[in-house]
file final25.csv (CSV, C-alpha atoms)
chain,number,residue,atom,x,y,z
O,130,MET,CA,208.5,-239.6,-105.3
O,131,PHE,CA,206.0,-236.9,-106.6
O,132,ALA,CA,207.3,-237.4,-110.1
O,133,LYS,CA,206.6,-241.2,-109.9
O,134,LEU,CA,203.1,-240.5,-108.5
O,135,ASN,CA,202.3,-238.0,-111.2
O,136,ARG,CA,203.5,-240.5,-113.8
O,137,LEU,CA,201.3,-243.3,-112.3
O,138,ILE,CA,198.3,-240.9,-112.3
O,139,PHE,CA,199.0,-240.1,-116.0
O,140,ILE,CA,199.2,-243.7,-117.0
O,141,CYS,CA,196.0,-244.6,-115.2
O,142,THR,CA,194.2,-241.7,-116.7
O,143,PHE,CA,195.5,-242.6,-120.1
O,144,LEU,CA,194.4,-246.2,-119.8
O,145,PHE,CA,191.0,-245.2,-118.5
O,146,SER,CA,190.5,-242.7,-121.4
O,147,THR,CA,191.6,-245.4,-123.9
O,148,GLN,CA,189.0,-247.8,-122.5
O,149,LEU,CA,186.3,-245.1,-122.6
O,150,PHE,CA,187.3,-244.3,-126.2
O,151,SER,CA,187.2,-247.9,-127.2
O,152,ALA,CA,183.8,-248.4,-125.6
O,153,GLU,CA,182.6,-245.3,-127.3
O,154,ILE,CA,183.6,-246.6,-130.7
O,155,THR,CA,181.9,-249.9,-130.0
O,156,GLU,CA,178.7,-248.1,-128.9
O,157,GLN,CA,178.7,-246.1,-132.2
O,158,LYS,CA,178.8,-249.3,-134.2
O,159,ILE,CA,175.6,-251.3,-135.0
O,160,ASN,CA,175.5,-254.5,-133.1
O,161,VAL,CA,175.1,-257.7,-135.1
O,162,ASP,CA,174.6,-261.2,-133.7
O,163,VAL,CA,176.7,-263.9,-135.4
O,164,TYR,CA,174.6,-267.0,-134.7
O,165,VAL,CA,176.3,-270.4,-134.6
O,166,TYR,CA,175.0,-273.9,-133.7
O,167,HIS,CA,178.0,-276.1,-134.0
O,168,LEU,CA,179.0,-276.6,-130.4
O,169,LYS,CA,182.3,-278.4,-131.2
O,170,PRO,CA,186.0,-277.7,-131.7
O,171,PRO,CA,187.7,-276.0,-133.4
O,172,PHE,CA,184.6,-273.7,-134.0
O,173,ILE,CA,183.7,-273.5,-130.3
O,174,VAL,CA,186.3,-274.8,-127.9
O,175,ASN,CA,184.8,-273.2,-124.8
O,176,ASP,CA,181.6,-271.3,-125.0
O,177,THR,CA,181.9,-269.9,-121.5
O,178,TYR,CA,185.3,-268.3,-122.1
O,179,GLU,CA,184.5,-267.6,-125.8
O,180,LEU,CA,187.3,-269.6,-127.2
O,181,GLY,CA,187.2,-271.0,-130.7
O,182,LEU,CA,187.3,-270.1,-134.4
O,183,TYR,CA,183.8,-268.7,-134.4
O,184,PHE,CA,184.7,-266.2,-131.7
O,185,ASP,CA,187.9,-265.3,-133.4
O,186,PHE,CA,186.0,-264.7,-136.6
O,187,SER,CA,183.7,-262.2,-135.0
O,188,ASP,CA,186.8,-260.4,-133.6
O,189,TYR,CA,188.3,-260.5,-137.1
O,190,LEU,CA,185.2,-258.9,-138.6
O,191,ASN,CA,185.3,-256.2,-135.9
O,192,SER,CA,188.8,-255.3,-136.9
O,193,LYS,CA,187.7,-254.9,-140.5
O,194,SER,CA,184.4,-253.1,-140.1
O,195,ASP,CA,183.9,-249.5,-139.0
O,196,ARG,CA,180.1,-249.8,-139.2
O,197,TYR,CA,179.2,-253.0,-137.3
O,198,HIS,CA,180.1,-254.7,-134.1
O,199,PHE,CA,179.8,-258.5,-134.4
O,200,GLU,CA,179.3,-260.9,-131.5
O,201,THR,CA,179.2,-264.7,-131.7
O,202,VAL,CA,176.1,-266.2,-130.1
O,203,PHE,CA,175.5,-269.9,-129.8
O,204,VAL,CA,171.9,-271.0,-130.5
O,205,PRO,CA,170.7,-274.6,-131.1
O,206,ARG,CA,169.8,-275.6,-134.6
O,207,LYS,CA,166.1,-276.1,-133.9
O,208,ARG,CA,165.8,-272.6,-132.5
O,209,ILE,CA,167.6,-271.2,-135.6
O,210,ASP,CA,165.0,-272.9,-137.8
O,211,ILE,CA,162.2,-271.4,-135.8
O,212,MET,CA,163.7,-267.9,-136.0
O,213,LEU,CA,164.1,-268.2,-139.7
O,214,LYS,CA,160.6,-269.5,-140.2
O,215,ASN,CA,158.9,-266.8,-138.2
O,216,ASN,CA,161.2,-264.0,-139.5
O,217,SER,CA,162.6,-263.2,-136.0
O,218,PHE,CA,166.2,-263.9,-137.2
O,219,ASN,CA,168.0,-260.6,-136.6
O,220,GLY,CA,171.6,-261.5,-137.3
O,221,VAL,CA,173.8,-263.7,-139.6
O,222,LEU,CA,174.4,-267.4,-139.4
O,223,LEU,CA,178.0,-268.6,-139.6
O,224,GLY,CA,179.5,-271.9,-140.8
O,225,VAL,CA,176.6,-273.2,-142.8
O,226,ASN,CA,175.8,-274.3,-146.4
O,227,PRO,CA,172.9,-273.6,-148.7
O,228,LEU,CA,172.0,-277.3,-149.0
O,229,TRP,CA,171.5,-277.6,-145.2
O,230,PHE,CA,168.8,-274.9,-145.4
O,231,LYS,CA,167.1,-276.1,-148.6
O,232,ASP,CA,168.5,-273.2,-150.6
O,233,LYS,CA,170.4,-274.9,-153.4
O,234,THR,CA,169.6,-272.1,-155.8
O,235,GLU,CA,170.6,-269.5,-153.2
O,236,THR,CA,167.4,-267.5,-153.7
O,237,LYS,CA,165.9,-267.7,-150.2
O,238,TYR,CA,168.9,-266.1,-148.4
O,239,LEU,CA,172.0,-264.1,-149.2
O,240,TRP,CA,175.2,-266.2,-149.1
O,241,THR,CA,178.9,-265.1,-148.7
O,242,SER,CA,181.7,-267.0,-150.4
O,243,ASN,CA,183.6,-269.8,-148.6
O,244,PHE,CA,184.5,-269.1,-144.9
O,245,TYR,CA,186.0,-272.5,-144.2
O,246,GLN,CA,186.4,-275.6,-146.5
O,247,ASP,CA,185.4,-278.8,-144.7
O,248,GLN,CA,184.4,-282.4,-145.3
O,249,ASP,CA,182.9,-285.3,-143.4
O,250,GLU,CA,185.4,-288.2,-142.9
O,251,VAL,CA,184.5,-291.8,-142.5
O,252,VAL,CA,186.6,-292.9,-139.5
O,253,SER,CA,187.3,-296.4,-138.2
O,254,LEU,CA,189.9,-297.9,-135.8
O,255,HIS,CA,193.5,-298.1,-137.1
O,256,GLU,CA,193.6,-301.9,-136.4
O,257,LYS,CA,190.2,-302.4,-138.2
O,258,PRO,CA,190.2,-300.0,-141.1
O,259,ILE,CA,187.1,-299.5,-143.2
O,260,GLU,CA,187.3,-297.9,-146.7
O,261,TYR,CA,184.2,-295.9,-147.8
O,262,ASN,CA,183.2,-295.9,-151.5
O,263,GLU,CA,179.5,-295.4,-151.3
O,264,ALA,CA,176.8,-296.0,-148.7
O,265,ASN,CA,176.7,-299.8,-149.6
O,266,SER,CA,180.3,-300.1,-148.5
O,267,LEU,CA,179.0,-299.7,-144.9
O,268,SER,CA,176.4,-302.4,-145.1
O,269,GLY,CA,176.6,-304.8,-142.1
O,270,GLN,CA,178.5,-302.2,-140.0
O,271,VAL,CA,177.5,-300.5,-136.8
O,272,LEU,CA,177.7,-296.7,-137.6
O,273,GLY,CA,178.2,-294.0,-135.1
O,274,GLY,CA,176.5,-290.7,-135.7
O,275,VAL,CA,175.5,-287.5,-134.0
O,276,ARG,CA,171.9,-287.2,-132.8
O,277,GLY,CA,169.9,-285.1,-135.2
O,278,PHE,CA,172.5,-285.2,-138.0
O,279,TYR,CA,171.5,-286.5,-141.5
O,280,TYR,CA,174.0,-288.6,-143.5
O,281,PHE,CA,172.8,-288.7,-147.1
O,282,GLY,CA,172.7,-292.2,-148.6
O,283,VAL,CA,173.7,-293.8,-145.4
O,284,ASP,CA,170.5,-293.0,-143.5
O,285,GLU,CA,168.5,-294.5,-146.3
O,286,LEU,CA,170.3,-297.8,-145.7
O,287,VAL,CA,169.8,-297.4,-142.0
O,288,SER,CA,166.0,-297.2,-142.5
O,289,LYS,CA,166.2,-300.4,-144.5
O,290,GLY,CA,168.1,-302.2,-141.8
O,291,GLU,CA,171.2,-302.7,-143.8
O,292,ILE,CA,173.3,-300.5,-141.5
O,293,SER,CA,172.9,-300.2,-137.7
O,294,ARG,CA,173.2,-296.6,-136.4
O,295,VAL,CA,174.0,-295.7,-132.9
O,296,ASP,CA,173.7,-292.0,-132.0
O,297,THR,CA,175.6,-289.9,-129.5
O,298,ILE,CA,175.5,-286.2,-128.4
O,299,GLY,CA,178.7,-285.1,-130.2
O,300,GLU,CA,181.7,-286.0,-132.3
O,301,TYR,CA,184.0,-286.2,-129.3
O,302,GLU,CA,181.7,-288.8,-127.8
O,303,LEU,CA,181.5,-290.5,-131.2
O,304,LEU,CA,185.3,-291.0,-131.2
O,305,GLN,CA,185.2,-292.4,-127.7
O,306,MET,CA,182.5,-294.9,-128.7
O,307,LEU,CA,184.8,-296.0,-131.6
O,308,MET,CA,187.8,-296.5,-129.2
O,309,PHE,CA,185.5,-298.5,-126.9
O,310,LYS,CA,184.5,-300.6,-129.9
O,311,ARG,CA,180.8,-299.9,-129.4
O,312,ILE,CA,180.7,-299.0,-133.1
O,313,ASP,CA,182.6,-300.0,-136.2
O,314,VAL,CA,182.8,-296.7,-138.0
O,315,GLY,CA,181.8,-293.1,-137.5
O,316,ILE,CA,181.2,-290.0,-139.6
O,317,ILE,CA,182.9,-286.9,-138.3
O,318,SER,CA,183.9,-283.5,-139.8
O,319,ARG,CA,187.6,-283.2,-140.7
O,320,SER,CA,188.0,-279.9,-138.8
O,321,THR,CA,186.9,-281.5,-135.5
O,322,LEU,CA,188.8,-284.8,-136.1
O,323,SER,CA,192.0,-282.9,-136.8
O,324,TYR,CA,191.6,-280.7,-133.7
O,325,LEU,CA,190.7,-283.6,-131.3
O,326,THR,CA,193.3,-286.0,-132.5
O,327,LYS,CA,196.0,-283.4,-131.8
O,328,ALA,CA,194.5,-282.1,-128.5
O,329,GLU,CA,193.8,-285.6,-127.1
O,330,GLY,CA,196.9,-287.3,-128.4
O,331,TRP,CA,194.8,-289.7,-130.6
O,332,LYS,CA,197.0,-289.3,-133.8
O,333,ASN,CA,197.6,-293.0,-134.5
O,334,LYS,CA,194.3,-294.4,-133.2
O,335,PHE,CA,192.1,-293.9,-136.2
O,336,HIS,CA,191.9,-294.8,-139.9
O,337,VAL,CA,190.4,-292.2,-142.2
O,338,SER,CA,188.9,-293.5,-145.5
O,339,LYS,CA,190.5,-292.2,-148.6
O,340,GLN,CA,187.1,-291.1,-149.8
O,341,PRO,CA,185.1,-288.8,-147.5
O,342,HIS,CA,181.4,-289.1,-147.0
O,343,ASP,CA,180.9,-285.5,-148.1
O,344,LYS,CA,182.8,-282.3,-149.0
O,345,TYR,CA,181.3,-278.8,-148.4
O,346,GLN,CA,181.9,-275.2,-147.9
O,347,ARG,CA,181.0,-273.5,-144.6
O,348,ARG,CA,179.6,-270.1,-145.6
O,349,ILE,CA,177.6,-267.3,-144.0
O,350,LEU,CA,173.8,-267.0,-144.3
O,351,VAL,CA,172.4,-263.5,-144.3
O,352,PRO,CA,168.6,-262.8,-144.4
O,353,ARG,CA,167.6,-260.9,-147.6
O,354,GLN,CA,166.3,-257.9,-145.5
O,355,SER,CA,169.9,-257.5,-144.1
O,356,VAL,CA,171.5,-256.6,-147.4
O,357,ASP,CA,173.5,-253.8,-145.8
O,358,ILE,CA,175.2,-256.3,-143.5
O,359,TYR,CA,175.8,-258.6,-146.4
O,360,GLU,CA,177.5,-255.9,-148.4
O,361,GLU,CA,179.7,-255.1,-145.5
O,362,ILE,CA,180.9,-258.7,-144.8
O,363,ALA,CA,180.9,-260.3,-148.3
O,364,PRO,CA,184.1,-258.5,-149.5
O,365,ILE,CA,185.8,-259.3,-146.2
O,366,VAL,CA,185.0,-263.0,-146.6
O,367,ASP,CA,186.1,-262.9,-150.3
O,368,ASN,CA,189.6,-261.7,-149.2
O,369,LEU,CA,190.1,-264.3,-146.4
O,370,ALA,CA,192.3,-266.6,-148.4
O,371,SER,CA,194.8,-263.9,-149.2
O,372,ASP,CA,194.9,-262.3,-145.7
O,373,PRO,CA,197.9,-263.4,-143.6
O,374,GLU,CA,196.1,-262.3,-140.5
O,375,TRP,CA,193.3,-264.8,-141.1
O,376,GLU,CA,195.8,-267.5,-142.0
O,377,SER,CA,197.5,-266.8,-138.6
O,378,ILE,CA,194.2,-267.3,-136.9
O,379,LEU,CA,193.6,-270.6,-138.7
O,380,GLN,CA,197.0,-271.9,-137.6
O,381,LYS,CA,195.9,-271.8,-134.0
O,382,TYR,CA,193.5,-274.6,-134.7
call {"tool": "encode", "arguments": {"input": "final25.csv", "output": "structure tokens"}}
result
Amino acid sequence: MFAKLNRLIFICTFLFSTQLFSAEITEQKINVDVYVYHLKPPFIVNDTYELGLYFDFSDYLNSKSDRYHFETVFVPRKRIDIMLKNNSFNGVLLGVNPLWFKDKTETKYLWTSNFYQDQDEVVSLHEKPIEYNEANSLSGQVLGGVRGFYYFGVDELVSKGEISRVDTIGEYELLQMLMFKRIDVGIISRSTLSYLTKAEGWKNKFHVSKQPHDKYQRRILVPRQSVDIYEEIAPIVDNLASDPEWESILQKY
């Protein structure tokens, strides 16, 4: 009996010591906020419980870095813009592209290589398929979009009255509007479409145009004053494609 008790005390002491040691290591690291503003799967599946690829990526960085502790923080896009404008941005921004931040020449900010390859699909109902070639191919259609999102070429025709645009709060709601036939066609990122069609059992409901509306890389924006952080994470991102551990994380989504 005493032997079992002593063993139990030893296990509890060991676990407690391990937790303290782990916390001590975390405290020794420099905290870095990984800002994100895409509140949609697979990137953020559940913000409250920190589920999604963006949270997994910060955990992945933590397993690779001995200097920094990364933590995913959701912030709306408008607030991100304000932070960047008034130089109060004190972290890195995940899942974005230079074109979205008017930095085509990549001189305003530091940019890592590709974190995630994505594209915007043109989606219609399976029984009423629409093929996209260029913006004019959507003339006369009712287009569903996400409020605040800009769709190059298409929005120009919307402003001319050649395409009707109906906005919703997110891409999940956009697909619902399509199923309820409130719109004829929608533009949605392939990453989210793939996740939702599998999670919701919508596999055969939609037609995806052979030509997407856009193709792009999701990368990491780092302010120029944070060059030390950039030098830490850039090599990690460069090696993502060849890391089985990262491939295993992607397979979850």
call {"tool": "residues_around", "arguments": {"input": "final25.csv", "residues": "region 187-194 of chain O", "least_positions_apart": "4", "cutoff": "8 Å", "atoms": "only C-alpha atoms", "output": "NGL selection string"}}
result
:O and (163 or 183 or 198-201 or 361-362 or 365 or 375)
call {"tool": "closest_residue", "arguments": {"input": "final25.csv", "among": "O:Ile358, O:Ile209, O:Leu307, O:Ile292", "to": "Leu254 (chain O)", "atoms": "all atoms listed in the file"}}
result
O:Leu307
call {"tool": "residues_around", "arguments": {"input": "final25.csv", "residues": "Val221 (chain O)", "least_positions_apart": "2", "cutoff": "6 Å", "atoms": "only C-alpha atoms", "output": "CSV table (one decimal) with C-alpha atoms, in the frame of the given file"}}
result
chain,number,residue,atom,x,y,z
O,163,VAL,CA,176.7,-263.9,-135.4
O,164,TYR,CA,174.6,-267.0,-134.7
O,350,LEU,CA,173.8,-267.0,-144.3
O,351,VAL,CA,172.4,-263.5,-144.3
call {"tool": "closest_atom_pairs", "arguments": {"input": "final25.csv", "of": "region 187-259 of chain O", "to": "region 280-283 of chain O", "cutoff": "12 Å", "atoms": "only C-alpha atoms", "output": "JSON lines"}}
result
{"residue": "O:Leu228", "atom": "CA", "partner": "O:Phe281", "partner_atom": "CA", "distance": 11.6}
{"residue": "O:Trp229", "atom": "CA", "partner": "O:Phe281", "partner_atom": "CA", "distance": 11.3}
{"residue": "O:Asp249", "atom": "CA", "partner": "O:Tyr280", "partner_atom": "CA", "distance": 9.5}
{"residue": "O:Glu250", "atom": "CA", "partner": "O:Tyr280", "partner_atom": "CA", "distance": 11.4}
{"residue": "O:Val251", "atom": "CA", "partner": "O:Tyr280", "partner_atom": "CA", "distance": 11.0}
call {"tool": "closest_residue", "arguments": {"input": "final25.csv", "among": "O:Thr297, O:Gln380, O:Asn219, O:Ser355", "to": "Tyr238 (chain O)", "atoms": "only C-alpha atoms"}}
result
O:Ser355
call {"tool": "closest_residue", "arguments": {"input": "final25.csv", "among": "O:Ala370, O:Val337, O:Leu304, O:Ile173", "to": "His255 (chain O)", "atoms": "all atoms listed in the file"}}
result
O:Val337
call {"tool": "closest_residue", "arguments": {"input": "final25.csv", "among": "O:Phe335, O:Phe244, O:Tyr178, O:Phe172", "to": "Ser320 (chain O)", "atoms": "all atoms listed in the file"}}
result
O:Phe172
call {"tool": "atom_distance", "arguments": {"input": "final25.csv", "atom1": "CA of Asn265 (chain O)", "atom2": "CA of Gly277 (chain O)"}}
result
21.7 Å
call {"tool": "atom_distance", "arguments": {"input": "final25.csv", "atom1": "CA of Gly299 (chain O)", "atom2": "CA of Val275 (chain O)"}}
result
5.5 Å
call {"tool": "atom_distance", "arguments": {"input": "final25.csv", "atom1": "CA of Glu263 (chain O)", "atom2": "CA of His342 (chain O)"}}
result
7.9 Å
call {"tool": "closest_residue", "arguments": {"input": "final25.csv", "among": "O:Asp162, O:Glu285, O:Asp296, O:Asp343", "to": "Phe218 (chain O)", "atoms": "only C-alpha atoms"}}
result
O:Asp162
call {"tool": "residues_around", "arguments": {"input": "final25.csv", "residues": "Phe309 (chain O)", "least_positions_apart": "6", "cutoff": "12 Å", "atoms": "all atoms listed in the file", "output": "list in words"}}
result
Ser253, Leu254, Gly273, Glu302, Leu303 and Lys334 of chain O
call {"tool": "closest_residue", "arguments": {"input": "final25.csv", "among": "O:Ala328, O:Val314, O:Val165, O:Val202", "to": "Glu260 (chain O)", "atoms": "only C-alpha atoms"}}
result
O:Val314
call {"tool": "residues_around", "arguments": {"input": "final25.csv", "residues": "Glu291 (chain O)", "least_positions_apart": "5", "cutoff": "12 Å", "atoms": "only C-alpha atoms", "output": "list of chain:residue names"}}
result
O:Ala264, O:Asn265, O:Ser266, O:Leu267, O:Ser268, O:Gly269, O:Gln270, O:Val271, O:Leu272, O:Gly282, O:Val283, O:Asp284, O:Glu285, O:Leu286
call {"tool": "residues_around", "arguments": {"input": "final25.csv", "residues": "Lys237 (chain O)", "least_positions_apart": "5", "cutoff": "9 Å", "atoms": "only C-alpha atoms", "output": "PyMOL selection string"}}
result
chain O and resi 231-232+352-353
call {"tool": "build_atoms", "arguments": {"input": "final25.csv", "residues": "region 179-201 of chain O", "atoms": "N, CA and C atoms", "output": "PDB file, in the coordinates of the input"}}
result
ATOM      1  N   GLU O 179     184.485-268.059-124.401  1.00  0.00           N
ATOM      2  CA  GLU O 179     184.500-267.600-125.800  1.00  0.00           C
ATOM      3  C   GLU O 179     185.770-267.886-126.521  1.00  0.00           C
ATOM      4  N   LEU O 180     186.106-269.167-126.494  1.00  0.00           N
ATOM      5  CA  LEU O 180     187.300-269.600-127.200  1.00  0.00           C
ATOM      6  C   LEU O 180     186.879-270.483-128.387  1.00  0.00           C
ATOM      7  N   GLY O 181     187.511-270.251-129.513  1.00  0.00           N
ATOM      8  CA  GLY O 181     187.200-271.000-130.700  1.00  0.00           C
ATOM      9  C   GLY O 181     187.221-270.165-131.954  1.00  0.00           C
ATOM     10  N   LEU O 182     187.244-270.828-133.093  1.00  0.00           N
ATOM     11  CA  LEU O 182     187.300-270.100-134.400  1.00  0.00           C
ATOM     12  C   LEU O 182     186.168-269.202-134.633  1.00  0.00           C
ATOM     13  N   TYR O 183     184.964-269.585-134.199  1.00  0.00           N
ATOM     14  CA  TYR O 183     183.800-268.700-134.400  1.00  0.00           C
ATOM     15  C   TYR O 183     183.909-267.420-133.660  1.00  0.00           C
ATOM     16  N   PHE O 184     184.458-267.452-132.463  1.00  0.00           N
ATOM     17  CA  PHE O 184     184.700-266.200-131.700  1.00  0.00           C
ATOM     18  C   PHE O 184     185.761-265.375-132.320  1.00  0.00           C
ATOM     19  N   ASP O 185     186.817-266.040-132.760  1.00  0.00           N
ATOM     20  CA  ASP O 185     187.900-265.300-133.400  1.00  0.00           C
ATOM     21  C   ASP O 185     187.453-264.651-134.699  1.00  0.00           C
ATOM     22  N   PHE O 186     186.511-265.308-135.388  1.00  0.00           N
ATOM     23  CA  PHE O 186     186.000-264.700-136.600  1.00  0.00           C
ATOM     24  C   PHE O 186     185.263-263.436-136.400  1.00  0.00           C
ATOM     25  N   SER O 187     184.445-263.408-135.365  1.00  0.00           N
ATOM     26  CA  SER O 187     183.700-262.200-135.000  1.00  0.00           C
ATOM     27  C   SER O 187     184.711-261.056-134.694  1.00  0.00           C
ATOM     28  N   ASP O 188     185.750-261.394-133.941  1.00  0.00           N
ATOM     29  CA  ASP O 188     186.800-260.400-133.600  1.00  0.00           C
ATOM     30  C   ASP O 188     187.463-259.911-134.901  1.00  0.00           C
ATOM     31  N   TYR O 189     187.687-260.834-135.813  1.00  0.00           N
ATOM     32  CA  TYR O 189     188.300-260.500-137.100  1.00  0.00           C
ATOM     33  C   TYR O 189     187.423-259.518-137.873  1.00  0.00           C
ATOM     34  N   LEU O 190     186.125-259.818-137.931  1.00  0.00           N
ATOM     35  CA  LEU O 190     185.200-258.900-138.600  1.00  0.00           C
ATOM     36  C   LEU O 190     185.206-257.530-137.970  1.00  0.00           C
ATOM     37  N   ASN O 191     185.255-257.499-136.644  1.00  0.00           N
ATOM     38  CA  ASN O 191     185.300-256.200-135.900  1.00  0.00           C
ATOM     39  C   ASN O 191     186.486-255.380-136.277  1.00  0.00           C
ATOM     40  N   SER O 192     187.592-256.057-136.544  1.00  0.00           N
ATOM     41  CA  SER O 192     188.800-255.300-136.900  1.00  0.00           C
ATOM     42  C   SER O 192     188.758-254.779-138.321  1.00  0.00           C
ATOM     43  N   LYS O 193     187.822-255.304-139.126  1.00  0.00           N
ATOM     44  CA  LYS O 193     187.700-254.900-140.500  1.00  0.00           C
ATOM     45  C   LYS O 193     186.554-253.925-140.774  1.00  0.00           C
ATOM     46  N   SER O 194     185.595-253.886-139.860  1.00  0.00           N
ATOM     47  CA  SER O 194     184.400-253.100-140.100  1.00  0.00           C
ATOM     48  C   SER O 194     184.341-251.863-139.180  1.00  0.00           C
ATOM     49  N   ASP O 195     184.063-250.728-139.763  1.00  0.00           N
ATOM     50  CA  ASP O 195     183.900-249.500-139.000  1.00  0.00           C
ATOM     51  C   ASP O 195     182.419-249.224-138.696  1.00  0.00           C
ATOM     52  N   ARG O 196     181.553-250.027-139.281  1.00  0.00           N
ATOM     53  CA  ARG O 196     180.100-249.800-139.200  1.00  0.00           C
ATOM     54  C   ARG O 196     179.417-250.694-138.177  1.00  0.00           C
ATOM     55  N   TYR O 197     179.868-251.964-138.112  1.00  0.00           N
ATOM     56  CA  TYR O 197     179.200-253.000-137.300  1.00  0.00           C
ATOM     57  C   TYR O 197     180.069-253.556-136.227  1.00  0.00           C
ATOM     58  N   HIS O 198     179.418-253.965-135.144  1.00  0.00           N
ATOM     59  CA  HIS O 198     180.100-254.700-134.100  1.00  0.00           C
ATOM     60  C   HIS O 198     179.497-256.110-134.051  1.00  0.00           C
ATOM     61  N   PHE O 199     180.304-257.135-134.342  1.00  0.00           N
ATOM     62  CA  PHE O 199     179.800-258.500-134.400  1.00  0.00           C
ATOM     63  C   PHE O 199     180.104-259.280-133.160  1.00  0.00           C
ATOM     64  N   GLU O 200     179.134-260.086-132.743  1.00  0.00           N
ATOM     65  CA  GLU O 200     179.300-260.900-131.500  1.00  0.00           C
ATOM     66  C   GLU O 200     178.737-262.282-131.752  1.00  0.00           C
ATOM     67  N   THR O 201     179.575-263.276-131.490  1.00  0.00           N
ATOM     68  CA  THR O 201     179.200-264.700-131.700  1.00  0.00           C
ATOM     69  C   THR O 201     178.218-265.114-130.594  1.00  0.00           C
TER      70      THR O 201
END
